[in-house]
Structures are given as C-alpha cells and as structure tokens.
file start.txt (compact mmCIF, C-alpha atoms)
# COMPACT_ATOMS: atom_id res chain seq x y z
CA MET A 108 13.06 -3.69 39.77
CA PRO A 109 10.35 -6.30 39.12
CA THR A 110 11.22 -9.91 39.90
CA LEU A 111 10.15 -13.33 38.68
CA LYS A 112 7.89 -13.52 41.72
CA ASP A 113 6.11 -10.38 40.54
CA ILE A 114 5.62 -11.99 37.13
CA ALA A 115 4.36 -15.22 38.67
CA ASP A 116 1.96 -13.41 41.03
CA LEU A 117 0.53 -11.29 38.23
CA VAL A 118 -0.14 -14.31 36.00
CA GLY A 119 -1.09 -16.70 38.79
CA VAL A 120 1.57 -19.34 38.14
CA SER A 121 4.53 -20.67 40.09
CA ILE A 122 7.90 -18.89 40.00
CA SER A 123 9.43 -21.96 38.34
CA THR A 124 6.86 -21.81 35.53
CA ALA A 125 7.50 -18.10 35.00
CA SER A 126 11.24 -18.79 34.97
CA ARG A 127 10.95 -21.57 32.38
CA VAL A 128 8.96 -19.30 30.05
CA VAL A 129 11.43 -16.41 30.33
CA ARG A 130 14.42 -18.75 29.83
CA ASN A 131 12.61 -20.43 26.90
CA ASP A 132 13.03 -23.77 28.66
CA THR A 133 11.12 -26.40 26.65
CA SER A 134 11.99 -29.39 28.84
CA ARG A 135 8.46 -29.32 30.26
CA HIS A 136 5.24 -28.54 28.42
CA ILE A 137 3.67 -25.20 29.24
CA ASN A 138 0.29 -24.22 27.85
CA PRO A 139 0.70 -21.68 25.01
CA GLU A 140 -1.90 -19.43 26.65
CA THR A 141 0.14 -19.43 29.86
CA ARG A 142 3.30 -18.57 27.91
CA ALA A 143 1.51 -15.65 26.27
CA LYS A 144 0.30 -14.37 29.66
CA VAL A 145 3.81 -14.59 31.13
CA TRP A 146 5.29 -12.58 28.26
CA GLU A 147 2.52 -10.03 28.54
CA ALA A 148 3.41 -9.65 32.23
CA VAL A 149 7.09 -9.28 31.28
CA ARG A 150 6.14 -6.40 28.99
CA GLN A 151 3.73 -4.86 31.47
CA LEU A 152 6.22 -4.90 34.36
CA ASP A 153 9.26 -4.13 32.17
CA TYR A 154 11.05 -7.15 33.62
CA THR A 155 14.72 -7.71 32.71
CA PRO A 156 15.84 -11.30 33.28
CA ASN A 157 19.35 -11.07 34.76
CA GLU A 158 21.40 -8.91 37.06
CA SER A 159 23.82 -7.61 34.46
CA ALA A 160 20.93 -6.65 32.21
CA ARG A 161 19.17 -4.99 35.15
CA HIS A 162 22.29 -2.95 35.83
CA LEU A 163 22.36 -1.91 32.18
CA VAL A 164 18.68 -0.95 32.28
CA ASN A 165 19.29 1.22 35.37
CA LYS A 166 22.20 2.86 33.60
CA GLN A 167 20.10 3.46 30.49
CA LYS A 168 17.55 5.38 32.50
CA THR A 169 20.10 8.15 32.97
CA GLU A 170 22.08 7.91 29.74
CA LYS A 171 21.12 6.97 26.21
CA ARG A 172 22.30 3.63 24.85
CA GLN A 173 25.20 3.70 22.44
CA THR A 174 25.60 0.13 21.27
CA LYS A 175 26.02 1.13 17.60
CA GLN A 176 23.74 -1.73 16.57
CA ILE A 177 20.58 -1.60 14.45
CA GLY A 178 17.97 -4.33 13.99
CA CYS A 179 15.73 -5.02 11.00
CA ILE A 180 12.27 -6.56 11.09
CA ILE A 181 10.58 -7.36 7.80
CA GLN A 182 7.22 -8.69 6.78
CA ALA A 183 7.62 -12.44 6.48
CA ALA A 184 6.35 -12.81 2.92
CA ARG A 185 8.82 -10.24 1.68
CA LEU A 186 12.11 -11.49 3.11
CA ASN A 187 14.04 -12.86 0.19
CA ASP A 188 17.73 -12.44 -0.52
CA ASP A 189 17.01 -11.41 -4.10
CA HIS A 190 13.56 -9.83 -3.79
CA PRO A 191 13.50 -7.32 -6.67
CA TYR A 192 11.74 -4.60 -4.67
CA TYR A 193 12.89 -4.95 -1.05
CA SER A 194 16.47 -6.12 -1.56
CA PRO A 195 17.68 -2.78 -3.03
CA ILE A 196 16.03 -0.94 -0.12
CA ILE A 197 17.65 -3.10 2.56
CA THR A 198 21.02 -3.10 0.78
CA ALA A 199 21.05 0.71 0.56
CA PHE A 200 19.95 1.04 4.20
CA THR A 201 22.63 -1.37 5.40
CA LYS A 202 25.37 0.33 3.35
CA LYS A 203 24.49 3.71 4.88
CA ILE A 204 24.50 2.57 8.50
CA LEU A 205 27.76 0.62 8.04
CA GLU A 206 29.42 3.73 6.60
CA SER A 207 28.22 5.61 9.71
CA GLY A 208 29.91 3.20 12.12
CA TYR A 209 26.85 1.11 12.98
CA SER A 210 26.28 -2.59 12.39
CA LEU A 211 23.20 -4.58 11.44
CA ALA A 212 22.63 -6.80 14.46
CA PHE A 213 19.85 -8.96 13.01
CA ILE A 214 17.23 -9.34 10.31
CA HIS A 215 14.14 -11.23 11.47
CA THR A 216 10.74 -11.76 9.94
CA SER A 217 7.50 -10.90 11.70
CA ASP A 218 6.71 -14.63 11.80
CA GLU A 219 9.96 -15.37 13.62
CA LEU A 220 9.33 -12.63 16.16
CA ALA A 221 5.88 -13.97 16.93
CA ASP A 222 8.04 -16.06 19.32
CA ASP A 223 7.92 -13.77 22.37
CA ALA A 224 11.17 -15.18 23.75
CA LEU A 225 13.07 -14.32 20.57
CA LEU A 226 11.55 -10.83 20.41
CA HIS A 227 12.50 -10.19 24.03
CA ARG A 228 16.07 -11.43 23.47
CA CYS A 229 16.53 -9.28 20.36
CA ILE A 230 15.57 -6.12 22.19
CA HIS A 231 16.86 -6.68 25.73
CA ASP A 232 19.89 -8.92 25.19
CA ILE A 233 21.30 -7.57 21.93
CA GLN A 234 20.49 -3.99 23.02
CA VAL A 235 20.02 -2.36 19.61
CA ASP A 236 19.84 1.41 19.37
CA GLY A 237 17.21 1.42 16.65
CA ILE A 238 15.11 -0.74 14.37
CA ILE A 239 13.98 -0.42 10.78
CA ILE A 240 10.61 -2.03 10.11
CA VAL A 241 9.93 -3.05 6.51
CA GLY A 242 6.35 -3.91 5.59
CA GLU A 243 3.43 -4.69 7.86
CA VAL A 244 4.76 -6.68 10.81
CA GLY A 245 1.62 -6.74 12.94
CA PRO A 246 0.27 -4.65 15.85
CA ALA A 247 1.64 -6.87 18.63
CA ILE A 248 5.28 -6.42 17.57
CA LEU A 249 4.83 -2.69 16.91
CA ASP A 250 3.14 -2.16 20.26
CA TYR A 251 5.99 -3.96 22.01
CA LEU A 252 8.68 -1.92 20.23
CA GLN A 253 6.98 1.41 20.88
CA LYS A 254 7.05 0.73 24.62
CA VAL A 255 10.84 0.19 24.69
CA GLU A 256 12.57 3.24 26.15
CA ASP A 257 15.06 5.08 23.90
CA LEU A 258 14.52 2.75 20.95
CA ALA A 259 14.54 4.65 17.66
CA LEU A 260 12.04 3.27 15.13
CA ILE A 261 11.62 3.96 11.44
CA GLY A 262 9.28 2.28 8.99
CA ILE A 263 9.15 1.59 5.28
CA CYS A 264 5.77 0.57 3.86
CA THR A 265 4.36 0.13 7.37
CA ILE A 266 0.87 1.37 6.64
CA GLY A 267 -1.29 2.60 9.51
CA THR A 268 1.46 2.94 12.12
CA GLU A 269 2.43 5.85 14.32
CA ILE A 270 6.17 5.82 13.72
CA THR A 271 8.43 7.89 11.49
CA MET A 272 8.06 6.70 7.91
CA VAL A 273 10.00 6.87 4.65
CA ASP A 274 8.08 5.78 1.58
CA TYR A 275 6.39 7.04 -1.57
CA ASP A 276 2.78 8.05 -2.24
CA ARG A 277 1.20 4.82 -3.47
CA ILE A 278 -2.22 6.35 -4.07
CA HIS A 279 -0.89 9.17 -6.25
CA ALA A 280 1.55 6.87 -8.04
CA ALA A 281 -1.19 4.37 -8.91
CA LYS A 282 -3.51 7.14 -10.07
CA SER A 283 -0.74 8.48 -12.32
CA ALA A 284 -0.33 5.04 -13.91
CA VAL A 285 -4.05 4.64 -14.58
CA ASP A 286 -4.25 8.24 -15.85
CA HIS A 287 -1.59 7.25 -18.39
CA LEU A 288 -3.81 4.42 -19.66
CA ILE A 289 -6.81 6.74 -19.80
CA ALA A 290 -4.77 9.26 -21.79
CA GLN A 291 -4.06 6.46 -24.29
CA GLY A 292 -7.81 6.18 -24.89
CA HIS A 293 -8.65 3.22 -22.64
CA ARG A 294 -12.06 3.10 -20.97
CA SER A 295 -12.10 -0.54 -19.87
CA ILE A 296 -9.26 -1.03 -17.40
CA GLY A 297 -8.71 -4.02 -15.15
CA PHE A 298 -6.75 -4.24 -11.91
CA ILE A 299 -4.39 -6.91 -10.54
CA GLY A 300 -3.15 -6.63 -6.97
CA GLY A 301 -3.55 -7.85 -3.42
CA PRO A 302 -4.90 -6.87 0.00
CA GLY A 303 -3.73 -4.01 2.19
CA HIS A 304 -2.91 -3.87 5.89
CA THR A 305 -6.45 -4.91 6.94
CA GLY A 306 -6.32 -8.04 4.81
CA GLU A 307 -8.89 -6.56 2.42
CA LEU A 308 -8.36 -5.24 -1.10
CA ASN A 309 -10.10 -1.95 -0.33
CA SER A 310 -7.42 -1.01 2.21
CA GLU A 311 -4.62 -1.33 -0.36
CA GLU A 312 -3.41 2.10 -1.44
CA ARG A 313 -2.63 1.21 -5.05
CA PHE A 314 -6.16 -0.14 -5.45
CA GLN A 315 -7.43 3.12 -3.98
CA GLY A 316 -5.36 5.03 -6.53
CA TYR A 317 -6.81 2.90 -9.34
CA LYS A 318 -10.37 3.61 -8.18
CA PHE A 319 -9.61 7.33 -7.74
CA ALA A 320 -8.38 7.62 -11.33
CA MET A 321 -11.38 5.74 -12.72
CA TYR A 322 -13.91 7.76 -10.74
CA ASP A 323 -12.11 11.00 -11.57
CA ALA A 324 -12.43 10.19 -15.28
CA GLY A 325 -16.05 9.08 -14.95
CA ILE A 326 -15.19 5.51 -15.93
CA PRO A 327 -16.93 2.61 -14.13
CA LEU A 328 -14.78 -0.10 -12.59
CA HIS A 329 -14.47 -3.29 -14.60
CA LYS A 330 -15.49 -5.42 -11.61
CA ASP A 331 -15.08 -8.75 -13.41
CA TRP A 332 -11.45 -7.79 -13.94
CA VAL A 333 -10.59 -6.61 -10.43
CA ILE A 334 -8.30 -9.50 -9.48
CA ASP A 335 -7.11 -10.05 -5.92
CA THR A 336 -4.13 -12.41 -6.16
CA ARG A 337 -3.31 -12.23 -2.43
CA TRP A 338 0.11 -11.12 -3.76
CA GLU A 339 0.80 -14.58 -5.18
CA ILE A 340 2.54 -14.58 -8.57
CA ASP A 341 1.04 -17.89 -9.72
CA ARG A 342 -2.46 -16.61 -9.04
CA SER A 343 -1.90 -13.65 -11.34
CA TYR A 344 -1.11 -15.98 -14.23
CA GLU A 345 -3.88 -18.45 -13.43
CA TYR A 346 -6.64 -15.88 -12.85
CA VAL A 347 -5.88 -13.94 -16.02
CA LYS A 348 -5.68 -17.15 -18.07
CA GLU A 349 -9.06 -18.31 -16.73
CA GLN A 350 -10.74 -14.92 -17.21
CA LEU A 351 -9.60 -14.76 -20.82
CA LYS A 352 -11.34 -18.09 -21.50
CA ARG A 353 -14.71 -16.72 -20.41
CA THR A 354 -17.14 -15.69 -23.11
CA ASP A 355 -19.62 -14.04 -20.73
CA VAL A 356 -17.19 -11.33 -19.57
CA GLU A 357 -16.01 -8.38 -21.64
CA ARG A 358 -12.25 -8.31 -22.00
CA PRO A 359 -10.55 -5.11 -20.76
CA THR A 360 -8.44 -3.09 -23.19
CA ALA A 361 -5.84 -2.37 -20.49
CA ILE A 362 -4.70 -3.64 -17.10
CA PHE A 363 -3.07 -1.80 -14.23
CA SER A 364 -1.03 -4.08 -11.96
CA ALA A 365 -0.02 -3.11 -8.42
CA SER A 366 3.43 -4.63 -8.95
CA ASP A 367 5.69 -5.71 -11.80
CA GLN A 368 5.92 -9.17 -10.24
CA LEU A 369 2.18 -9.62 -10.75
CA ALA A 370 2.15 -7.95 -14.18
CA ILE A 371 4.78 -10.21 -15.77
CA PRO A 372 2.89 -13.53 -15.29
CA ALA A 373 -0.34 -11.80 -16.34
CA MET A 374 1.36 -10.68 -19.57
CA ARG A 375 2.43 -14.26 -20.22
CA ALA A 376 -1.18 -15.40 -19.79
CA VAL A 377 -2.27 -12.81 -22.37
CA ILE A 378 0.37 -13.87 -24.91
CA GLU A 379 -0.45 -17.57 -24.42
CA SER A 380 -4.10 -16.72 -25.12
CA GLN A 381 -3.06 -15.54 -28.60
CA LEU A 382 -3.60 -11.87 -27.77
CA ARG A 383 -1.26 -8.97 -28.40
CA ILE A 384 0.24 -6.44 -25.97
CA PRO A 385 -0.60 -3.56 -26.17
CA GLU A 386 -2.92 -3.85 -29.21
CA ASP A 387 -5.43 -6.14 -27.45
CA ILE A 388 -4.55 -5.50 -23.80
CA ALA A 389 -2.15 -2.78 -22.66
CA PHE A 390 -0.22 -3.05 -19.39
CA ILE A 391 1.28 -0.68 -16.86
CA SER A 392 2.40 -1.57 -13.35
CA MET A 393 4.33 -0.41 -10.30
CA ASP A 394 7.92 -0.63 -8.93
CA ASN A 395 10.02 -0.62 -12.13
CA ILE A 396 12.11 -3.60 -11.06
CA ASP A 397 15.09 -4.43 -13.29
CA PHE A 398 13.20 -7.23 -15.05
CA ALA A 399 10.51 -4.83 -16.32
CA GLN A 400 12.64 -3.55 -19.19
CA TYR A 401 13.30 -7.10 -20.45
CA THR A 402 9.73 -8.39 -20.82
CA THR A 403 8.18 -8.81 -24.29
CA PRO A 404 7.16 -6.13 -24.94
CA PRO A 405 9.03 -4.05 -22.32
CA LEU A 406 6.74 -3.23 -19.41
CA SER A 407 5.65 0.33 -18.63
CA SER A 408 6.00 0.89 -14.90
CA VAL A 409 6.03 3.52 -12.18
CA HIS A 410 9.60 3.93 -10.99
CA VAL A 411 9.87 3.80 -7.20
CA PRO A 412 13.17 5.20 -5.81
CA LYS A 413 14.11 2.05 -3.91
CA VAL A 414 17.75 2.90 -3.25
CA GLU A 415 16.84 6.42 -2.20
CA ILE A 416 14.18 5.09 0.18
CA GLY A 417 16.77 2.88 1.88
CA LEU A 418 19.35 5.67 2.12
CA THR A 419 16.81 8.20 3.41
CA ALA A 420 15.49 5.75 6.01
CA ALA A 421 19.03 5.15 7.27
CA ALA A 422 19.87 8.87 7.36
CA THR A 423 16.63 9.65 9.19
CA LEU A 424 17.21 6.90 11.75
CA LEU A 425 20.76 8.14 12.35
CA ASP A 426 19.42 11.66 12.87
CA MET A 427 16.94 10.28 15.41
CA LEU A 428 19.79 8.61 17.30
CA LYS A 429 21.62 11.96 17.40
CA GLY A 430 18.51 13.66 18.75
CA GLU A 431 18.06 15.66 15.56
CA GLN A 432 14.85 14.00 14.35
CA LEU A 433 12.48 13.81 17.27
CA ALA A 434 9.08 14.68 15.80
CA LEU A 435 6.89 12.07 14.16
CA SER A 436 7.21 12.54 10.42
CA LYS A 437 6.41 10.94 7.08
CA VAL A 438 8.88 11.40 4.25
CA LEU A 439 7.47 10.66 0.78
CA LEU A 440 9.94 10.41 -2.08
CA PRO A 441 8.93 11.19 -5.69
CA HIS A 442 8.01 8.59 -8.29
CA LYS A 443 7.94 8.80 -12.08
CA ILE A 444 6.33 6.87 -14.91
CA ILE A 445 8.62 4.94 -17.23
CA VAL A 446 6.68 4.49 -20.47
CA ARG A 447 7.61 1.46 -22.56
CA GLU A 448 5.98 -0.49 -25.37
CA SER A 449 3.44 -2.38 -23.23
CA SER A 450 1.18 0.69 -22.92
CA THR A 451 1.86 2.97 -25.88
CA PHE A 452 -0.75 1.73 -28.36
CA ALA A 453 -3.29 4.57 -28.74
CA ARG A 454 -6.88 3.54 -29.41
CA SER A 455 -9.11 5.56 -31.74
call {"tool": "encode", "arguments": {"input": "start.txt", "output": "structure tokens"}}
result
Amino acid sequence: MPTLKDIADLVGVSISTASRVVRNDTSRHINPETRAKVWEAVRQLDYTPNESARHLVNKQKTEKRQTKQIGCIIQAARLNDDHPYYSPIITAFTKKILESGYSLAFIHTSDELADDALLHRCIHDIQVDGIIIVGEVGPAILDYLQKVEDLALIGICTIGTEITMVDYDRIHAAKSAVDHLIAQGHRSIGFIGGPGHTGELNSEERFQGYKFAMYDAGIPLHKDWVIDTRWEIDRSYEYVKEQLKRTDVERPTAIFSASDQLAIPAMRAVIESQLRIPEDIAFISMDNIDFAQYTTPPLSSVHVPKVEIGLTAAATLLDMLKGEQLALSKVLLPHKIIVRESSTFARS
C-alpha cells in the first residue's frame, strides 16, 4: 500500500506537508498549487489515509462493497430544493433507492467537490456503492470517479461523458417544438437559451435542434433574435424587453425557448411591450414544468418525463450494483408536445 512518504516523494514536499493536506489541516498555509499536486498524487497512487480504511480497501479488492449507500453530485447552478425541473427527478430517484433498501448518503454540488479533500472523504470515507451525477459537473470530478474501483456511476444530463446515461433526446425534442411553430405558419422564429457543456451556445443540444428544424424547413435563422441568456432568468426578461424597443431589427413572429423558466420572463417582457401572445409573438418552450399551464396565456411546452427519468436512473443504477447492467448504455425516454394557447394562433 502507498504511504504518506510515497506521496511526499512524488510531489517533492515533506511528509508533514503531505499529511496536513490529506488531513485538511488549515493551521498552516500551504500553497494551493502544492495542495493540488498532493491530491493528484493521492489519486495517482490510490492512497488511503488510515489503517482501517486500508484494510477495507484490501477487502474490497476481493469482494464487492455492500454499504447500501448512494451519493448524488449535481451541477452547482441547478441545486435548489424546489427547482421545477431537477427536483422531481431527484425526488423520484431518491424514493426508488430508499424503497430498495439503500440510503442517500450525500448531495453535493460540483462547486463543493472542487475541494479535493471533501471529494476524497465522500468516496473513501463514506464508501458509497454508487453515484448519480446530475448535470455537467466537470471533467476533473468525472475523471476521479471513473478511476474508483467498483463504483457504479449513472448520469442524467451529463453531456459528453462516457458513463451510463438516462435522459431524453434534446435535439429531437427541440426540433419537434420548432416544427410545431413552422406548422403554424411561422417563418421568423427566435431562440432563447444558454450555453452547452463547452460553455458555447453552439454546443447546446436544444439550440442544435432549433437550427436543425430551421435548416430543414429552408428558413434562415433570425440571428438578431438568437438570445444567449447564460441560463439566467433575469437576462431573458431584460434581453427581450431591450430587443423589442429596437426599430432597426425585425420582430420575430414566434420564439422557441430552451426552458420554461426562460420563456415565462420573456413572455412578460412581450406583454409589457403592449404585444399579444400568440397573435404578435407565439411561444413554445421545453420541460413542461407545473407553472407552464398557469401562465397568461398558458405556455405550450415539450413535456419531459422528469419522474420517469429519476425512476429509470435509480432502477438502472440498482441493476448495475447487482451486476445486471454492465455495458455502457444510454437510455432515452420519450417526450411529447403539450400544445396550449401560447402557440396556437395560425398565420395566413
């Protein structure tokens, strides 16, 4: 088994410095770069910090862990007790694993687990059997988790990762929504959304679906009305309000929003600008959160099976823990368009 001396020698620091980093001792200042190097050495050497844990690691090399505990890591910006999209998913997932005799050991954000000491403790001290990853938590955390032996991983909305996934087809769903607007006679369609996993709008799958539908119908993009809000609700309202004041830009007849949470403030901006929905600007969006049916007018939206995603993710993870789901897979659940009054005005 590797020792603290091995860590210290690899990094080129004293054993006491290596020890303070691993124990998260903050009584003395240690350069952040040195801390990062120590934790990288911990990962590289697969160091376990105490004798009892070492004994457990040796035991785990010959028999699979059965701690009956599951961890949850979620994209920082999306952890909210009442988040209208992610809360139903996490609630359904948790309900399923509890019914199966497991417990939820922790829920941490990707920002919290940027602290290497906390990440190490969650995995090696708590000893979870599996982890559900919700959203894009960053390559460093994913790389660390994928190197942990016998740790079952499942992702929801973790774009661009090589782990088992449960989700829905965002590209096809977005295209279906824009196709609905096109079928209503619209030829000038704006977009409201945010960046994808690369930090750029072009990597976002719902934006790709929007472009696909427009190109497929031979309709040029309304570039002045492609709005990147960075997923901030206030920006959706402010950008739409400002664009509607411009006299040098043609107003779109319809808008596709990548989420209901961005569509609702945009609709308010339209109404406050003395315009009508859908007669002046029609709206359709994604997610079909509960609030969508109560807007004025009620918001057309693509229904995403949030509860089913959570239940399926839990069932798939449990199958992995039983050895019944070993191959890398991607499970895509079906969506459907819920047409309401915000998009049903047909243009001649």
call {"tool": "closest_atom_pairs", "arguments": {"input": "start.txt", "of": "stretch 201-261 of chain A", "to": "stretch 126-129 of chain A", "cutoff": "12 Å", "atoms": "only C-alpha atoms", "output": "Markdown table"}}
result
| residue | atom | partner | partner_atom | distance |
| --- | --- | --- | --- | --- |
| A:Asp222 | CA | A:Val128 | CA | 11.2 |
| A:Asp223 | CA | A:Val129 | CA | 9.1 |
| A:Ala224 | CA | A:Val129 | CA | 6.7 |
| A:Leu225 | CA | A:Val129 | CA | 10.1 |
| A:Leu226 | CA | A:Val129 | CA | 11.4 |
| A:His227 | CA | A:Val129 | CA | 8.9 |
| A:Arg228 | CA | A:Val129 | CA | 9.7 |
call {"tool": "residues_around", "arguments": {"input": "start.txt", "residues": "stretch 192-195 of chain A", "least_positions_apart": "4", "cutoff": "10 Å", "atoms": "all atoms listed in the file", "output": "ChimeraX atom specification"}}
result
/A:181,185-188,199-201,241-242,263,366-368,394-397,411-417
call {"tool": "axis_aligned_box", "arguments": {"input": "start.txt", "around": "stretch 242-251 of chain A", "padding_each_side": "6 Å", "output": "lines of an AutoDock Vina configuration file"}}
result
center_x = 3.3
center_y = -4.5
center_z = 13.8
size_x = 18.1
size_y = 16.7
size_z = 28.4
call {"tool": "atom_distance", "arguments": {"input": "start.txt", "atom1": "atom CA of A:His410", "atom2": "atom CA of A:Asp286"}}
result
15.3 Å
call {"tool": "residues_around", "arguments": {"input": "start.txt", "residues": "A:Val235", "least_positions_apart": "4", "cutoff": "7 Å", "atoms": "all atoms listed in the file", "output": "PDB file with C-alpha atoms, in the coordinates of the input"}}
result
ATOM      1  CA  THR A 174      25.600   0.130  21.270  1.00  0.00           C
ATOM      2  CA  GLN A 176      23.740  -1.730  16.570  1.00  0.00           C
ATOM      3  CA  ILE A 177      20.580  -1.600  14.450  1.00  0.00           C
ATOM      4  CA  GLY A 178      17.970  -4.330  13.990  1.00  0.00           C
ATOM      5  CA  ILE A 230      15.570  -6.120  22.190  1.00  0.00           C
TER       6      ILE A 230
END
call {"tool": "atom_distance", "arguments": {"input": "start.txt", "atom1": "atom CA of A:Leu369", "atom2": "atom CA of A:Tyr344"}}
result
8.0 Å
call {"tool": "residues_around", "arguments": {"input": "start.txt", "residues": "stretch 141-154 of chain A", "least_positions_apart": "3", "cutoff": "6 Å", "atoms": "all atoms listed in the file", "output": "list of chain:residue names"}}
result
A:Pro109, A:Ile114, A:Asn138
call {"tool": "write_last_selection", "arguments": {"input": "start.txt", "atoms": "C-alpha atoms", "output": "PDB file, keeping the file's coordinate frame"}}
result
ATOM      1  CA  PRO A 109      10.350  -6.300  39.120  1.00  0.00           C
ATOM      2  CA  ILE A 114       5.620 -11.990  37.130  1.00  0.00           C
ATOM      3  CA  ASN A 138       0.290 -24.220  27.850  1.00  0.00           C
TER       4      ASN A 138
END
call {"tool": "closest_atom_pairs", "arguments": {"input": "start.txt", "of": "stretch 303-388 of chain A", "to": "stretch 398-406 of chain A", "cutoff": "10 Å", "atoms": "only C-alpha atoms", "output": "tab-separated table"}}
result
residue	atom	partner	partner_atom	distance
A:Asp367	CA	A:Ala399	CA	6.7
A:Gln368	CA	A:Ala399	CA	8.8
A:Ala370	CA	A:Leu406	CA	8.4
A:Ile371	CA	A:Thr402	CA	7.3
A:Met374	CA	A:Thr403	CA	8.5
A:Arg375	CA	A:Thr403	CA	8.9
A:Ile378	CA	A:Thr403	CA	9.3
A:Arg383	CA	A:Pro404	CA	9.5
A:Ile384	CA	A:Pro404	CA	7.0
A:Pro385	CA	A:Pro404	CA	8.3
call {"tool": "write_last_selection", "arguments": {"input": "start.txt", "atoms": "C-alpha atoms", "output": "mmCIF file, keeping the file's coordinate frame"}}
result
data_model
loop_
_atom_site.group_PDB
_atom_site.id
_atom_site.type_symbol
_atom_site.label_atom_id
_atom_site.label_comp_id
_atom_site.auth_asym_id
_atom_site.auth_seq_id
_atom_site.Cartn_x
_atom_site.Cartn_y
_atom_site.Cartn_z
ATOM 1 C CA ASP A 367 5.690 -5.710 -11.800
ATOM 2 C CA GLN A 368 5.920 -9.170 -10.240
ATOM 3 C CA ALA A 370 2.150 -7.950 -14.180
ATOM 4 C CA ILE A 371 4.780 -10.210 -15.770
ATOM 5 C CA MET A 374 1.360 -10.680 -19.570
ATOM 6 C CA ARG A 375 2.430 -14.260 -20.220
ATOM 7 C CA ILE A 378 0.370 -13.870 -24.910
ATOM 8 C CA ARG A 383 -1.260 -8.970 -28.400
ATOM 9 C CA ILE A 384 0.240 -6.440 -25.970
ATOM 10 C CA PRO A 385 -0.600 -3.560 -26.170
#
